[in-house]
file query-v1.cif (mmCIF, C-alpha atoms)
data_entry
loop_
_atom_site.label_atom_id
_atom_site.label_comp_id
_atom_site.auth_asym_id
_atom_site.auth_seq_id
_atom_site.Cartn_x
_atom_site.Cartn_y
_atom_site.Cartn_z
CA MET A 1 28.24 20.99 -12.40
CA SER A 2 26.60 24.02 -10.72
CA LYS A 3 26.96 24.44 -6.96
CA ARG A 4 23.18 24.13 -6.56
CA LYS A 5 23.01 20.86 -8.49
CA GLN A 6 26.07 19.51 -6.67
CA TYR A 7 24.44 20.25 -3.31
CA PHE A 8 21.24 18.49 -4.34
CA GLU A 9 23.14 15.39 -5.37
CA GLU A 10 25.39 15.27 -2.33
CA SER A 11 22.49 15.86 0.04
CA ASN A 12 20.86 12.50 -0.71
CA ILE A 13 23.81 10.13 -0.86
CA GLY A 14 25.03 8.03 2.03
CA SER A 15 23.58 7.24 5.43
CA ALA A 16 22.84 10.81 6.49
CA PRO A 17 20.91 12.83 3.88
CA LYS A 18 21.28 16.53 4.59
CA ARG A 19 18.56 19.11 4.97
CA PHE A 20 18.04 21.54 2.08
CA HIS A 21 15.90 24.64 2.61
CA ARG A 22 14.60 26.49 -0.46
CA ASP A 23 14.02 30.21 -0.73
CA ASP A 24 10.24 29.64 -0.75
CA GLY A 25 10.30 28.01 2.69
CA GLN A 26 9.91 24.45 1.41
CA HIS A 27 12.32 21.59 1.95
CA ALA A 28 13.32 19.55 -1.09
CA PHE A 29 14.48 15.96 -1.43
CA ARG A 30 16.08 15.42 -4.83
CA VAL A 31 15.07 12.16 -6.51
CA LEU A 32 18.16 10.91 -8.31
CA SER A 33 18.48 8.40 -11.14
CA THR A 34 17.68 4.86 -10.07
CA ASP A 35 21.26 3.63 -10.37
CA ARG A 36 22.19 5.99 -7.52
CA TYR A 37 20.08 3.86 -5.16
CA THR A 38 21.05 0.44 -6.47
CA GLY A 39 23.55 -1.58 -4.46
CA SER A 40 23.70 -3.25 -1.09
CA TYR A 41 20.43 -3.64 0.78
CA PRO A 42 19.59 -1.69 3.92
CA GLU A 43 18.43 -3.69 6.91
CA TYR A 44 14.81 -4.79 6.70
CA ARG A 45 13.72 -6.46 9.90
CA GLN A 46 11.25 -9.33 9.77
CA PRO A 47 7.83 -7.73 10.35
CA ILE A 48 5.87 -8.80 13.43
CA GLU A 49 2.13 -8.50 13.90
CA ILE A 50 1.26 -6.43 16.96
CA ASN A 51 -2.51 -6.20 16.51
CA SER A 52 -5.41 -6.92 14.15
CA TYR A 53 -8.96 -5.73 13.79
CA SER A 54 -12.15 -6.03 11.73
CA ILE A 55 -14.32 -3.39 10.09
CA ASP A 56 -17.89 -4.53 9.45
CA ALA A 57 -20.40 -3.59 6.76
CA ASP A 58 -21.44 -0.52 8.76
CA ARG A 59 -17.81 0.65 9.06
CA ARG A 60 -17.72 -0.17 12.77
CA VAL A 61 -14.39 -1.33 14.19
CA TRP A 62 -13.96 -4.52 16.26
CA PHE A 63 -10.72 -5.83 17.70
CA ASP A 64 -11.40 -9.43 16.75
CA ASN A 65 -11.29 -11.73 13.71
CA ARG A 66 -14.92 -11.54 12.58
CA GLN A 67 -13.93 -10.22 9.12
CA LEU A 68 -10.99 -12.57 8.59
CA LYS A 69 -11.47 -14.60 5.40
CA TYR A 70 -9.96 -18.01 4.61
CA TYR A 71 -8.44 -18.95 1.30
CA ALA A 72 -10.17 -21.58 -0.84
CA LYS A 73 -8.78 -22.40 -4.26
CA PRO A 74 -11.35 -21.46 -6.91
CA GLN A 75 -12.57 -24.22 -9.18
CA LEU A 76 -12.44 -22.88 -12.71
CA THR A 77 -14.50 -24.56 -15.42
CA SER A 78 -15.69 -23.63 -18.87
CA THR A 79 -18.95 -22.45 -17.31
CA THR A 80 -17.42 -20.26 -14.58
CA PRO A 81 -18.95 -16.79 -14.98
CA SER A 82 -16.69 -13.84 -15.71
CA LEU A 83 -15.40 -11.57 -12.96
CA SER A 84 -18.20 -9.16 -13.86
CA TYR A 85 -20.69 -11.47 -12.11
CA ASN A 86 -22.68 -9.64 -9.40
CA TYR A 87 -21.35 -6.26 -10.57
CA GLU A 88 -24.81 -4.69 -10.40
CA ARG A 89 -25.03 -5.70 -6.72
CA PHE A 90 -21.57 -4.39 -5.79
CA ILE A 91 -21.53 -2.49 -2.46
CA GLN A 92 -18.78 0.11 -2.46
CA ARG A 93 -17.46 2.17 0.42
CA ASP A 94 -17.96 5.91 0.15
CA ASP A 95 -14.39 7.11 -0.44
CA THR A 96 -15.42 10.75 -0.20
CA ILE A 97 -15.70 10.41 3.60
CA PRO A 98 -12.22 10.98 5.04
CA GLU A 99 -11.21 8.34 7.57
CA HIS A 100 -7.59 9.47 7.93
CA ILE A 101 -5.58 6.98 10.00
CA ASP A 102 -8.24 6.68 12.71
CA THR A 103 -8.41 2.89 12.80
CA LEU A 104 -4.63 2.60 12.78
CA LEU A 105 -4.43 4.91 15.82
CA ASP A 106 -7.14 2.95 17.62
CA ALA A 107 -5.27 -0.28 16.91
CA LEU A 108 -2.13 1.19 18.47
CA THR A 109 -4.06 2.26 21.58
CA ASP A 110 -5.72 -1.16 21.81
CA ALA A 111 -2.34 -2.91 21.48
CA ARG A 112 -0.93 -0.83 24.33
CA SER A 113 -3.92 -1.71 26.51
CA LYS A 114 -3.12 -5.39 25.91
CA ASN A 115 0.48 -4.91 27.12
CA VAL A 116 1.85 -5.59 23.64
CA ASP A 117 4.38 -2.83 24.27
CA ASN A 118 6.67 -4.78 26.60
CA ASN A 119 9.44 -4.59 23.99
CA GLY A 120 8.51 -1.19 22.59
CA ASN A 121 6.59 -2.78 19.72
CA THR A 122 4.08 0.07 19.44
CA GLN A 123 6.79 2.74 19.45
CA ALA A 124 8.29 3.75 16.11
CA ASP A 125 9.83 6.58 14.13
CA ILE A 126 7.13 6.31 11.45
CA VAL A 127 3.45 5.28 11.68
CA THR A 128 1.58 4.95 8.39
CA TRP A 129 -0.30 2.69 6.00
CA ARG A 130 1.36 0.01 3.89
CA GLY A 131 -0.08 1.69 0.78
CA ILE A 132 1.98 4.79 1.48
CA MET A 133 5.14 2.74 1.93
CA THR A 134 4.35 0.99 -1.37
CA LYS A 135 4.15 4.37 -3.12
CA LEU A 136 7.56 5.31 -1.73
CA PHE A 137 9.08 1.96 -2.79
CA ALA A 138 7.73 2.43 -6.33
CA THR A 139 8.64 6.11 -6.79
CA PRO A 140 12.13 5.61 -8.32
CA PHE A 141 10.56 3.47 -11.08
CA SER A 142 7.15 5.19 -11.36
CA ARG A 143 8.46 8.69 -11.88
CA LYS A 144 5.27 10.15 -13.30
CA GLU A 145 2.77 8.92 -10.71
CA PRO A 146 2.02 11.91 -8.45
CA TRP A 147 1.19 11.55 -4.79
CA GLU A 148 0.58 13.82 -1.83
CA LEU A 149 0.93 12.98 1.84
CA ARG A 150 0.33 14.77 5.13
CA ALA A 151 2.52 14.30 8.21
CA THR A 152 2.45 15.19 11.91
CA ARG A 153 5.13 14.69 14.56
CA HIS A 154 3.83 13.72 18.00
CA LYS A 155 6.08 12.64 20.88
CA GLY A 156 8.92 11.96 18.45
CA THR A 157 6.89 9.79 16.04
CA ILE A 158 5.96 10.96 12.55
CA TYR A 159 2.45 9.95 11.50
CA ILE A 160 1.73 9.96 7.76
CA GLU A 161 -1.57 9.82 5.89
CA GLU A 162 -2.41 10.12 2.20
CA GLN A 163 -4.01 13.10 0.53
CA GLN A 164 -5.90 12.56 -2.70
CA THR A 165 -4.33 14.60 -5.50
CA GLU A 166 -6.44 16.71 -7.83
CA GLU A 167 -5.38 14.46 -10.71
CA LYS A 168 -6.59 11.39 -8.80
CA ARG A 169 -9.91 13.07 -7.97
CA MET A 170 -10.43 13.86 -11.65
CA GLN A 171 -9.56 10.32 -12.68
CA GLU A 172 -12.05 8.86 -10.22
CA ALA A 173 -14.79 11.29 -11.22
CA ASN A 174 -14.31 10.60 -14.94
CA LYS A 175 -14.00 6.81 -14.84
CA SER A 176 -15.83 5.09 -17.66
CA GLU A 177 -18.19 2.23 -16.97
CA ARG A 178 -15.59 -0.12 -18.42
CA GLN A 179 -12.93 1.17 -16.00
CA LYS A 180 -15.30 0.83 -13.03
CA LYS A 181 -16.06 -2.74 -14.01
CA MET A 182 -12.37 -3.62 -14.35
CA SER A 183 -11.74 -2.20 -10.87
CA TYR A 184 -14.51 -4.45 -9.60
CA TRP A 185 -12.90 -7.59 -11.00
CA GLY A 186 -10.30 -7.70 -8.22
CA TYR A 187 -12.99 -7.66 -5.54
CA GLN A 188 -14.96 -10.38 -7.29
CA PHE A 189 -11.85 -12.56 -7.51
CA GLU A 190 -11.47 -12.21 -3.74
CA ALA A 191 -15.11 -13.24 -3.29
CA MET A 192 -14.51 -16.35 -5.42
CA CYS A 193 -11.40 -17.35 -3.42
CA THR A 194 -12.44 -16.82 0.18
CA THR A 195 -14.80 -18.28 2.75
CA THR A 196 -15.80 -17.41 6.31
CA GLU A 197 -14.83 -20.87 7.57
CA PRO A 198 -11.31 -22.39 7.59
CA ASN A 199 -10.72 -25.28 5.19
CA GLY A 200 -14.10 -24.76 3.56
CA PRO A 201 -14.77 -25.28 -0.17
CA ALA A 202 -14.55 -22.40 -2.61
CA PRO A 203 -17.86 -20.55 -2.98
CA LYS A 204 -20.05 -21.37 -5.93
CA VAL A 205 -20.32 -18.50 -8.38
CA ASP A 206 -24.11 -18.40 -8.55
CA GLU A 207 -27.01 -16.55 -6.96
CA THR A 208 -25.90 -17.72 -3.48
CA LEU A 209 -22.61 -15.81 -3.72
CA GLU A 210 -22.70 -12.59 -1.73
CA PRO A 211 -21.59 -9.55 -3.74
CA PRO A 212 -18.34 -7.84 -2.72
CA ASN A 213 -18.73 -5.19 -0.04
CA THR A 214 -15.70 -2.94 0.32
CA ASN A 215 -16.96 -1.58 3.63
CA GLU A 216 -15.81 -4.85 5.17
CA GLN A 217 -12.11 -5.19 5.94
CA TYR A 218 -9.68 -7.19 8.02
CA CYS A 219 -6.52 -5.29 8.92
CA VAL A 220 -3.28 -5.96 10.74
CA LEU A 221 -0.77 -3.72 12.44
CA VAL A 222 2.88 -4.71 11.97
CA ARG A 223 6.20 -3.37 13.19
CA THR A 224 9.46 -3.51 11.28
CA ARG A 225 12.63 -1.54 10.60
CA LEU A 226 13.94 -0.23 7.30
CA GLY A 227 17.52 0.93 7.60
CA HIS A 228 17.55 3.94 9.91
CA SER A 229 13.82 4.03 10.71
CA SER A 230 11.52 1.87 12.81
CA ILE A 231 8.07 1.65 11.23
CA VAL A 232 4.56 0.65 12.32
CA MET A 233 2.26 -0.05 9.36
CA GLY A 234 -1.42 -0.79 9.02
CA ALA A 235 -2.41 -3.09 6.15
CA GLU A 236 -5.56 -4.77 4.88
CA VAL A 237 -5.29 -8.56 4.63
CA ASP A 238 -7.17 -10.44 1.90
CA CYS A 239 -7.21 -13.88 3.53
CA ILE A 240 -5.32 -16.52 5.49
CA GLU A 241 -4.62 -20.18 4.81
CA GLY A 242 -5.68 -22.38 7.72
CA LEU A 243 -6.44 -21.29 11.26
CA LYS A 244 -4.81 -18.13 12.52
CA PRO A 245 -2.16 -19.07 15.10
CA ASN A 246 -1.57 -17.36 18.42
CA LYS A 247 0.96 -14.58 17.82
CA LYS A 248 3.02 -15.76 20.79
CA GLU A 249 3.42 -19.22 19.26
CA LYS A 250 3.81 -18.49 15.55
CA SER A 251 3.70 -15.46 13.27
CA PRO A 252 0.33 -15.24 11.48
CA LEU A 253 1.98 -13.20 8.73
CA LYS A 254 3.43 -16.36 7.18
CA GLN A 255 -0.09 -17.67 6.53
CA TYR A 256 -1.62 -14.57 5.00
CA ILE A 257 -2.18 -14.41 1.24
CA GLU A 258 -2.40 -11.44 -1.09
CA LEU A 259 -4.97 -11.87 -3.88
CA LYS A 260 -4.48 -10.12 -7.23
CA THR A 261 -5.74 -10.19 -10.80
CA SER A 262 -3.92 -9.39 -14.00
CA ARG A 263 -4.56 -9.61 -17.70
CA ARG A 264 -3.52 -12.89 -19.22
CA ILE A 265 -0.26 -12.43 -21.10
CA ASP A 266 -0.81 -13.84 -24.57
CA VAL A 267 2.73 -13.65 -25.91
CA GLU A 268 3.42 -17.23 -24.84
CA ARG A 269 -0.11 -18.57 -24.96
CA GLN A 270 -1.15 -18.28 -28.57
CA ASN A 271 0.29 -18.23 -32.03
CA ILE A 272 0.58 -14.53 -32.82
CA THR A 273 0.72 -13.98 -36.56
CA PHE A 274 0.19 -10.25 -36.91
CA GLU A 275 2.91 -7.79 -35.97
CA LYS A 276 0.50 -5.42 -34.17
CA ASN A 277 -0.76 -8.27 -31.99
CA LEU A 278 2.80 -9.29 -31.17
CA TYR A 279 3.65 -5.72 -30.21
CA ARG A 280 0.54 -5.52 -28.02
CA ALA A 281 1.41 -8.76 -26.26
CA GLN A 282 4.97 -7.57 -25.68
CA GLN A 283 3.68 -4.32 -24.17
CA GLN A 284 1.36 -6.26 -21.87
CA LEU A 285 4.27 -8.38 -20.71
CA LEU A 286 6.41 -5.30 -20.12
CA PHE A 287 3.64 -3.60 -18.09
CA TYR A 288 3.14 -6.74 -15.99
CA ILE A 289 6.83 -7.19 -15.22
CA ARG A 290 7.77 -3.54 -14.76
CA PHE A 291 4.76 -2.17 -12.90
CA LYS A 292 2.44 -4.87 -11.64
CA LEU A 293 5.12 -7.18 -10.27
CA LEU A 294 6.80 -4.25 -8.54
CA LYS A 295 3.63 -3.43 -6.63
CA PHE A 296 2.83 -7.11 -6.01
CA TRP A 297 6.27 -7.52 -4.45
CA ALA A 298 6.30 -4.27 -2.45
CA GLN A 299 2.84 -4.75 -0.92
CA SER A 300 3.58 -8.29 0.25
CA PHE A 301 7.24 -7.85 1.18
CA LEU A 302 6.59 -4.81 3.36
CA VAL A 303 4.36 -6.72 5.80
CA GLY A 304 5.95 -10.16 5.46
CA VAL A 305 3.21 -11.87 3.41
CA PRO A 306 4.96 -14.78 1.66
CA ARG A 307 2.60 -15.48 -1.24
CA VAL A 308 0.61 -13.70 -3.91
CA ILE A 309 -2.14 -15.66 -5.68
CA CYS A 310 -2.96 -14.08 -9.01
CA GLY A 311 -5.96 -14.78 -11.22
CA PHE A 312 -5.19 -14.21 -14.89
CA ARG A 313 -8.12 -13.08 -17.03
CA ASP A 314 -8.90 -11.91 -20.54
CA ASP A 315 -10.32 -8.56 -21.66
CA ASP A 316 -13.84 -9.73 -20.79
CA GLY A 317 -12.91 -10.67 -17.22
CA VAL A 318 -12.97 -14.42 -17.84
CA LEU A 319 -10.40 -16.24 -15.70
CA SER A 320 -8.07 -18.61 -17.51
CA HIS A 321 -5.84 -19.79 -14.68
CA VAL A 322 -4.61 -19.03 -11.17
CA GLU A 323 -0.92 -18.82 -10.28
CA THR A 324 0.83 -18.78 -6.90
CA ILE A 325 3.81 -16.42 -6.77
CA ASN A 326 6.28 -16.51 -3.90
CA THR A 327 6.96 -12.95 -2.77
CA LEU A 328 10.71 -13.38 -2.36
CA GLU A 329 11.01 -14.90 -5.85
CA ILE A 330 9.37 -11.94 -7.63
CA PRO A 331 12.62 -9.92 -7.97
CA ARG A 332 14.20 -12.88 -9.79
CA ARG A 333 11.63 -12.52 -12.56
CA VAL A 334 12.96 -9.07 -13.43
CA ARG A 335 16.64 -9.61 -12.65
CA GLY A 336 18.89 -8.98 -15.64
CA LYS A 337 16.13 -7.57 -17.83
CA PRO A 338 16.74 -4.10 -19.31
CA ASN A 339 14.93 -1.07 -17.85
CA MET A 340 13.46 -3.05 -14.99
CA TRP A 341 13.06 -2.25 -11.31
CA GLU A 342 15.59 -3.23 -8.68
CA PRO A 343 14.48 -4.02 -5.10
CA SER A 344 17.61 -2.58 -3.50
CA ALA A 345 16.89 0.77 -5.18
CA CYS A 346 13.32 0.76 -3.81
CA MET A 347 14.58 0.10 -0.30
CA ASN A 348 17.57 2.47 -0.34
CA PHE A 349 15.49 5.31 -1.76
CA THR A 350 12.79 4.88 0.90
CA ASP A 351 15.34 4.52 3.69
CA GLN A 352 17.11 7.72 2.64
CA PHE A 353 13.87 9.64 2.18
CA LEU A 354 12.49 8.68 5.61
CA GLN A 355 15.79 9.49 7.24
CA TRP A 356 15.72 12.92 5.61
CA LEU A 357 12.03 13.43 6.45
CA LYS A 358 12.82 13.08 10.15
CA THR A 359 15.12 16.11 9.85
CA VAL A 360 12.49 18.40 8.30
CA VAL A 361 9.26 17.38 10.09
CA THR A 362 10.55 18.82 13.34
CA ILE A 363 7.68 20.62 15.11
CA ASP A 364 6.42 18.18 17.75
CA ASP A 365 2.77 19.22 17.96
CA SER A 366 -0.26 16.99 17.35
CA GLU A 367 -2.11 19.84 15.59
CA VAL A 368 0.66 20.90 13.23
CA THR A 369 0.77 19.21 9.83
CA TYR A 370 3.21 19.12 6.93
CA SER A 371 2.47 18.55 3.24
CA ILE A 372 4.67 16.12 1.30
CA VAL A 373 4.26 16.38 -2.47
CA TRP A 374 5.67 14.45 -5.44
CA ASP A 375 4.55 15.99 -8.72
CA GLU A 376 5.76 17.53 -11.95
CA PRO A 377 8.50 18.21 -12.99
CA TRP A 378 9.38 14.95 -11.19
CA ARG A 379 12.70 16.14 -9.78
CA GLU A 380 12.15 16.53 -6.04
CA ILE A 381 9.79 15.75 -3.19
CA LEU A 382 8.70 18.98 -1.53
CA VAL A 383 7.83 19.32 2.15
CA SER A 384 6.19 22.39 3.67
CA CYS A 385 4.68 23.16 7.07
CA ASN A 386 0.95 23.95 7.07
CA GLY A 387 0.78 25.14 10.66
CA ARG A 388 -2.19 24.19 12.82
CA LYS A 389 -4.59 23.20 10.08
CA ASP A 390 -5.72 19.94 8.47
CA THR A 391 -5.06 18.16 11.79
CA PHE A 392 -5.67 14.44 11.39
CA LEU A 393 -4.64 12.75 14.67
CA THR A 394 -7.67 12.05 16.89
CA GLN A 395 -8.24 13.47 20.34
CA ARG A 396 -9.09 10.01 21.64
CA TYR A 397 -5.62 8.85 20.60
CA MET A 398 -4.19 11.67 22.72
CA ASP A 399 -6.39 10.49 25.60
CA GLY A 400 -5.51 6.79 25.24
CA LYS A 401 -9.05 5.80 24.28
CA ILE A 402 -10.57 3.80 21.41
CA SER A 403 -13.91 3.77 19.63
CA ASN A 404 -15.95 1.44 17.46
CA GLU A 405 -16.82 4.44 15.33
CA ILE A 406 -14.46 5.94 12.77
CA GLY A 407 -14.23 9.72 13.00
CA GLY A 408 -14.58 12.05 15.94
CA PRO A 409 -12.81 15.19 17.16
CA ARG A 410 -9.28 15.90 15.95
CA ALA A 411 -6.40 16.42 18.37
CA LEU A 412 -5.80 19.51 20.41
CA SER A 413 -2.23 20.09 21.55
CA SER A 414 -1.53 21.21 25.13
CA SER A 415 -0.82 24.74 23.87
CA SER A 416 -4.36 24.96 22.45
CA GLN A 417 -6.21 23.70 25.52
#
call {"tool": "encode", "arguments": {"input": "query-v1.cif", "output": "structure tokens"}}
result
Amino acid sequence: MSKRKQYFEESNIGSAPKRFHRDDGQHAFRVLSTDRYTGSYPEYRQPIEINSYSIDADRRVWFDNRQLKYYAKPQLTSTTPSLSYNYERFIQRDDTIPEHIDTLLDALTDARSKNVDNNGNTQADIVTWRGIMTKLFATPFSRKEPWELRATRHKGTIYIEEQQTEEKRMQEANKSERQKKMSYWGYQFEAMCTTTEPNGPAPKVDETLEPPNTNEQYCVLVRTRLGHSSIVMGAEVDCIEGLKPNKKEKSPLKQYIELKTSRRIDVERQNITFEKNLYRAQQQLLFYIRFKLLKFWAQSFLVGVPRVICGFRDDDGVLSHVETINTLEIPRRVRGKPNMWEPSACMNFTDQFLQWLKTVVTIDDSEVTYSIVWDEPWREILVSCNGRKDTFLTQRYMDGKISNEIGGPRALSSSSQ
């Protein structure tokens, strides 16, 4: 083994990953084979909700429950329209407008103003979105899915947002009509399963059903700890079952539900007589178990959501059945199967990476940003300092203020004022 390779391997094993500085000024975190992360689990503290907020159809932010939806089991019949219903009326948020982590920062400021911070609940090593944590969890088993992040250290906390990769931009720009419609199906399933009143009946799928509007969101802010790092995460919540309890009396997280859709797996549902159809069904099952269940589990586990309700549909978007999946039981479905994901590897990898990241994102300046890139040739995560450009923290966060409007001036550090 070469000295360089040996150093890479040793630098990421154990509780204290070492810093490695390349000749080009970048820092590199070697991503090892998955078996190097499998084993005992790092600590994962039960997440607690520290704040919640709503975003309305005009993308205005309110620190209340006006956008909270309530779960209602959909009534499926032979006449239930496909998930493509209302597609032509779909209202989609403009994703080309960067919103950074503005609402997450405002939620932190609002929580502090409500004296939520008595036990340090708004203080953390890492502040980010759940979606970013999900990407990190999945990386050991999704080796060829590129991602790019941006980070800033401010008063000892590392804030992380996502950057859209060029590959992702191209994919979005070149989506076929079929792909756009399939993306819509998940939103329509949510519309069929949720109401604005607790314990209300499921909406009728007819002309009275409002089309999905992705401008509207209900989000929570949670705090947890993974191994060596305390983490505050923002996450969108699909719905809740029953009335939302007072956080001081009972954790609302236990009542939230994640809603998903997936293609119906035909390998056990029909008599497959042709070899090509059998192979196709087997590939669908493999994709569901290896990739979809991994992300189902990670998204819900990270914020303490106990259940995923999945609508299974055919290639035309027609729902066949709805299944409730307990989050903590998902790993059992893949246990013992060859070439499957392992939850301890997801957690150990992320713990080690975040611990290492804290040693390389060292400049404590609200204007200074770092790029974090995972891309070909899929061997290492590269981190480089950008200097005072692409600043994403808001000035109002520096000033301890909040706004109903997303956007506004970016932060100026004391050295720039």
call {"tool": "resolve_selection", "arguments": {"input": "query-v1.cif", "expression": "the PyMOL selection byres ((chain A and resi 84) around 8)", "output": "number ranges by chain"}}
result
A: 81-83, 85-87, 181, 184-185, 188, 317
call {"tool": "resolve_selection", "arguments": {"input": "query-v1.cif", "expression": "the PyMOL selection byres ((chain A and resi 93-103) around 8)", "output": "short mmCIF file (atom, residue, chain, number, x, y, z; two decimals) with C-alpha atoms, keeping the file's coordinate frame"}}
result
data_model
loop_
_atom_site.label_atom_id
_atom_site.label_comp_id
_atom_site.auth_asym_id
_atom_site.auth_seq_id
_atom_site.Cartn_x
_atom_site.Cartn_y
_atom_site.Cartn_z
CA VAL A 61 -14.39 -1.33 14.19
CA ILE A 91 -21.53 -2.49 -2.46
CA GLN A 92 -18.78 0.11 -2.46
CA LEU A 104 -4.63 2.60 12.78
CA LEU A 105 -4.43 4.91 15.82
CA ASP A 106 -7.14 2.95 17.62
CA ALA A 107 -5.27 -0.28 16.91
CA THR A 128 1.58 4.95 8.39
CA TRP A 129 -0.30 2.69 6.00
CA GLU A 161 -1.57 9.82 5.89
CA GLU A 162 -2.41 10.12 2.20
CA ASN A 213 -18.73 -5.19 -0.04
CA THR A 214 -15.70 -2.94 0.32
CA ASN A 215 -16.96 -1.58 3.63
CA PHE A 392 -5.67 14.44 11.39
CA LEU A 393 -4.64 12.75 14.67
CA THR A 394 -7.67 12.05 16.89
CA ILE A 406 -14.46 5.94 12.77
CA GLY A 407 -14.23 9.72 13.00
#
call {"tool": "residues_around", "arguments": {"input": "query-v1.cif", "residues": "A:Lys73", "least_positions_apart": "2", "cutoff": "7 Å", "atoms": "all atoms listed in the file", "output": "PDB file with C-alpha atoms, in the frame of the given file"}}
result
ATOM      1  CA  TYR A  71      -8.440 -18.950   1.300  1.00  0.00           C
ATOM      2  CA  GLN A  75     -12.570 -24.220  -9.180  1.00  0.00           C
ATOM      3  CA  CYS A 193     -11.400 -17.350  -3.420  1.00  0.00           C
ATOM      4  CA  ALA A 202     -14.550 -22.400  -2.610  1.00  0.00           C
TER       5      ALA A 202
END
call {"tool": "closest_residue", "arguments": {"input": "query-v1.cif", "among": "A:Ile50, A:Thr80, A:Leu382, A:Ala235", "to": "A:Thr109", "atoms": "all atoms listed in the file"}}
result
A:Ile50
call {"tool": "resolve_selection", "arguments": {"input": "query-v1.cif", "expression": "the PyMOL selection byres ((chain A and resi 330) around 10)", "output": "list in words"}}
result
Ile289, Leu293, Leu294, Phe296, Trp297, Ala298, Phe301, Arg307, Val308, Ile325, Asn326, Thr327, Leu328, Glu329, Pro331, Arg332, Arg333, Val334, Arg335 and Pro343 of chain A
call {"tool": "write_last_selection", "arguments": {"input": "query-v1.cif", "atoms": "C-alpha atoms", "output": "PDB file, in the frame of the given file"}}
result
ATOM      1  CA  ILE A 289       6.830  -7.190 -15.220  1.00  0.00           C
ATOM      2  CA  LEU A 293       5.120  -7.180 -10.270  1.00  0.00           C
ATOM      3  CA  LEU A 294       6.800  -4.250  -8.540  1.00  0.00           C
ATOM      4  CA  PHE A 296       2.830  -7.110  -6.010  1.00  0.00           C
ATOM      5  CA  TRP A 297       6.270  -7.520  -4.450  1.00  0.00           C
ATOM      6  CA  ALA A 298       6.300  -4.270  -2.450  1.00  0.00           C
ATOM      7  CA  PHE A 301       7.240  -7.850   1.180  1.00  0.00           C
ATOM      8  CA  ARG A 307       2.600 -15.480  -1.240  1.00  0.00           C
ATOM      9  CA  VAL A 308       0.610 -13.700  -3.910  1.00  0.00           C
ATOM     10  CA  ILE A 325       3.810 -16.420  -6.770  1.00  0.00           C
ATOM     11  CA  ASN A 326       6.280 -16.510  -3.900  1.00  0.00           C
ATOM     12  CA  THR A 327       6.960 -12.950  -2.770  1.00  0.00           C
ATOM     13  CA  LEU A 328      10.710 -13.380  -2.360  1.00  0.00           C
ATOM     14  CA  GLU A 329      11.010 -14.900  -5.850  1.00  0.00           C
ATOM     15  CA  PRO A 331      12.620  -9.920  -7.970  1.00  0.00           C
ATOM     16  CA  ARG A 332      14.200 -12.880  -9.790  1.00  0.00           C
ATOM     17  CA  ARG A 333      11.630 -12.520 -12.560  1.00  0.00           C
ATOM     18  CA  VAL A 334      12.960  -9.070 -13.430  1.00  0.00           C
ATOM     19  CA  ARG A 335      16.640  -9.610 -12.650  1.00  0.00           C
ATOM     20  CA  PRO A 343      14.480  -4.020  -5.100  1.00  0.00           C
TER      21      PRO A 343
END
call {"tool": "residues_near_point", "arguments": {"input": "query-v1.cif", "point": "(-7.0, -21.2, 10.1)", "cutoff": "9 Å", "atoms": "all atoms listed in the file", "output": "list in words"}}
result
Tyr70, Glu197, Pro198, Asn199, Ile240, Glu241, Gly242, Leu243, Lys244, Pro245 and Gln255 of chain A
call {"tool": "residues_near_point", "arguments": {"input": "query-v1.cif", "point": "(-3.7, -15.1, -16.0)", "cutoff": "8 Å", "atoms": "only C-alpha atoms", "output": "list in words"}}
result
Thr261, Ser262, Arg263, Arg264, Ile265, Cys310, Gly311, Phe312, Arg313, Asp314, Leu319, Ser320, His321, Val322 and Glu323 of chain A
call {"tool": "atom_distance", "arguments": {"input": "query-v1.cif", "atom1": "atom CA of A:Glu177", "atom2": "atom CA of A:Val318"}}
result
17.5 Å
call {"tool": "atom_distance", "arguments": {"input": "query-v1.cif", "atom1": "atom CA of A:Ile257", "atom2": "atom CA of A:Ser300"}}
result
8.5 Å
call {"tool": "closest_residue", "arguments": {"input": "query-v1.cif", "among": "A:Arg178, A:Lys292, A:Arg59, A:Glu236", "to": "A:Met340", "atoms": "only C-alpha atoms"}}
result
A:Lys292
call {"tool": "closest_atom_pairs", "arguments": {"input": "query-v1.cif", "of": "stretch 50-123 of chain A", "to": "stretch 217-227 of chain A", "cutoff": "9 Å", "atoms": "all atoms listed in the file", "output": "tab-separated table"}}
result
residue	atom	partner	partner_atom	distance
A:Ile50	CA	A:Val222	CA	5.5
A:Asn51	CA	A:Leu221	CA	5.1
A:Ser52	CA	A:Val220	CA	4.1
A:Tyr53	CA	A:Cys219	CA	5.5
A:Ser54	CA	A:Tyr218	CA	4.6
A:Ile55	CA	A:Gln217	CA	5.0
A:Asp56	CA	A:Gln217	CA	6.8
A:Ala57	CA	A:Gln217	CA	8.5
A:Arg59	CA	A:Gln217	CA	8.7
A:Asn65	CA	A:Tyr218	CA	7.5
A:Arg66	CA	A:Tyr218	CA	8.2
A:Gln67	CA	A:Tyr218	CA	5.3
A:Leu68	CA	A:Tyr218	CA	5.6
A:Lys69	CA	A:Tyr218	CA	8.1
A:Leu104	CA	A:Leu221	CA	7.4
A:Ala107	CA	A:Leu221	CA	7.2
A:Leu108	CA	A:Leu221	CA	7.9
A:Asn121	CA	A:Arg223	CA	6.6
A:Thr122	CA	A:Arg223	CA	7.4
A:Gln123	CA	A:Arg223	CA	8.8
call {"tool": "closest_residue", "arguments": {"input": "query-v1.cif", "among": "A:Gly39, A:Phe90, A:Ser113, A:Ile309", "to": "A:Thr194", "atoms": "all atoms listed in the file"}}
result
A:Ile309
